[in-house]
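Working notes, beginning with the structure itself.
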Amino acid sequence: MLKYDSPIMQTIGEFTDFMVLNLLFALCCIPVFTIGAAYSARFYVGMKLVSNTDEGIVKPFFKSFVSNLKQTIPINIVAVLLIVFFGLDFHYIYVLQMSTSFYYIIGAIFVIILMILWFAFALISRYVMGTKAVLKSAMLLTISHLIRVFIAVAMALVPFILSYWFFTWFWLIWLILETVMLMPNCRFLVKTFDKIEIAQGLKPDPDKEKDDETDSIETQDDTEKVLNNNNNQNMNKSKNKSTNKTKNINKEKNKEKNKE
């Protein structure tokens, strides 16, 4: 039960790895303009962990963080400005005591933007793409996986909502919820990106490889059968030839005896 390779210990080990990853992410988010690079680095290492291509945590994280910093800064600045803008909108709606329908409209737009940014940082962590291509692809992927991405973004907002009542324990609530959600989120991203890469021929299809293996095994079996049949036929032919030769030799001997 408590062996190193037992399912329980592997789950605990994976949870610990993702917790360390989230602590690194939180540390790199302290300068606000680096939040985007930290998100991308967290997705990069998280997808490595769930793909069983574990190369460590700290070194790959900072490698991805540095390589994506330049591209994510403009997106990050726009994202921060939008958050401030929507925050002010919510404040004015509250102060002016406007209709609650404005809350829902502004809130829906805000969540949609967060969903697009969520997929954008995931794409940056995996591919080398221009900023326009990243945002366009993120919009398309968000539309095609709307419910799944909405759940991911909603769960990311839960700790901030709970902090209104449990501000003292915000860091612990955030760390646990983010770790619990990051593991399935990274599995979802790996599965989604693998499908895209297989469809575009950038990655071999494992199902096709299995079919090819079974076909090759079947063809090997067929060829072995054919070879065995040919060998058996050749053996029978050689046996027939040898029996014919012995018959001819016996006939000749009989003839010689009759002559004598």
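We name chains A, B, ... following the order of the structure tokens; residues begin at 1 in each chain, and ligands are numbered from 1 as shown.
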Name the residues in contact with stretch 183-185 of chain A at a cut-off of 8 Å, using only C-alpha atoms, excluding same-chain residues fewer than 2 positions from it; report them as a list in words.
->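 With the cut-off at 8 Å, the set is Phe18, Gly46, Val50, Ala152, Thr179, Val180, Met181, Arg187, Phe188 and Leu189 of chain A.
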Output C-alpha atoms of each residue in that selection to a file, as an mmCIF file, in the first residue's frame.
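File again_33.cif, as written:
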data_model
loop_
_atom_site.group_PDB
_atom_site.id
_atom_site.type_symbol
_atom_site.label_atom_id
_atom_site.label_comp_id
_atom_site.auth_asym_id
_atom_site.auth_seq_id
_atom_site.Cartn_x
_atom_site.Cartn_y
_atom_site.Cartn_z
ATOM 1 C CA PHE A 18 1.823 20.192 -8.821
ATOM 2 C CA GLY A 46 2.140 20.595 -15.959
ATOM 3 C CA VAL A 50 0.886 14.411 -16.921
ATOM 4 C CA ALA A 152 -11.494 25.790 -15.486
ATOM 5 C CA THR A 179 -3.448 22.128 -7.459
ATOM 6 C CA VAL A 180 -6.599 19.987 -7.638
ATOM 7 C CA MET A 181 -7.736 21.741 -10.837
ATOM 8 C CA ARG A 187 -4.560 16.373 -19.027
ATOM 9 C CA PHE A 188 -7.315 18.102 -20.984
ATOM 10 C CA LEU A 189 -4.794 20.359 -22.749
#
Write out as a count of residues only all residues of stretch 2-155 of chain A that DSSP puts in alpha helix (DSSP H) for this structure's backbone.
-> 127
Would you write out, as CSV, a table of all residues in stretch 54-106 of chain A that have an atom no more than 10 Å from an atom of stretch 121-129 of chain A, listing for each the closest atom pair and the distance in Å to one decimal, considering only C-alpha atoms and ordering rows by chain and rising residue number?
residue,atom,partner,partner_atom,distance
A:Ser64,CA,A:Ser125,CA,7.1
A:Phe65,CA,A:Ser125,CA,8.9
A:Ser67,CA,A:Ser125,CA,9.3
A:Asn68,CA,A:Ile124,CA,7.2
A:Gln71,CA,A:Ile124,CA,8.4
A:Thr72,CA,A:Phe121,CA,7.8
A:Ile75,CA,A:Phe121,CA,9.2
A:Asn76,CA,A:Phe121,CA,9.8
Residues from the last selection, N, CA and C atoms, saved as a compact mmCIF listing (two decimals), in the first residue's frame:
# COMPACT_ATOMS: atom_id res chain seq x y z
N SER A 64 10.90 27.84 -19.63
CA SER A 64 9.71 28.28 -20.35
C SER A 64 9.35 29.72 -19.98
N PHE A 65 9.53 30.07 -18.72
CA PHE A 65 9.21 31.42 -18.24
C PHE A 65 10.03 32.47 -19.00
N SER A 67 11.71 32.07 -21.92
CA SER A 67 11.50 32.04 -23.37
C SER A 67 10.18 32.68 -23.80
N ASN A 68 9.17 32.64 -22.93
CA ASN A 68 7.85 33.19 -23.28
C ASN A 68 7.59 34.58 -22.71
N GLN A 71 6.89 37.53 -25.37
CA GLN A 71 5.61 37.46 -26.08
C GLN A 71 4.43 37.71 -25.15
N THR A 72 4.54 37.27 -23.90
CA THR A 72 3.38 37.37 -22.99
C THR A 72 3.21 38.75 -22.36
N ILE A 75 0.40 40.86 -24.06
CA ILE A 75 -0.90 40.25 -23.76
C ILE A 75 -1.25 40.47 -22.29
N ASN A 76 -0.24 40.38 -21.44
CA ASN A 76 -0.44 40.55 -20.01
C ASN A 76 -0.88 41.98 -19.67
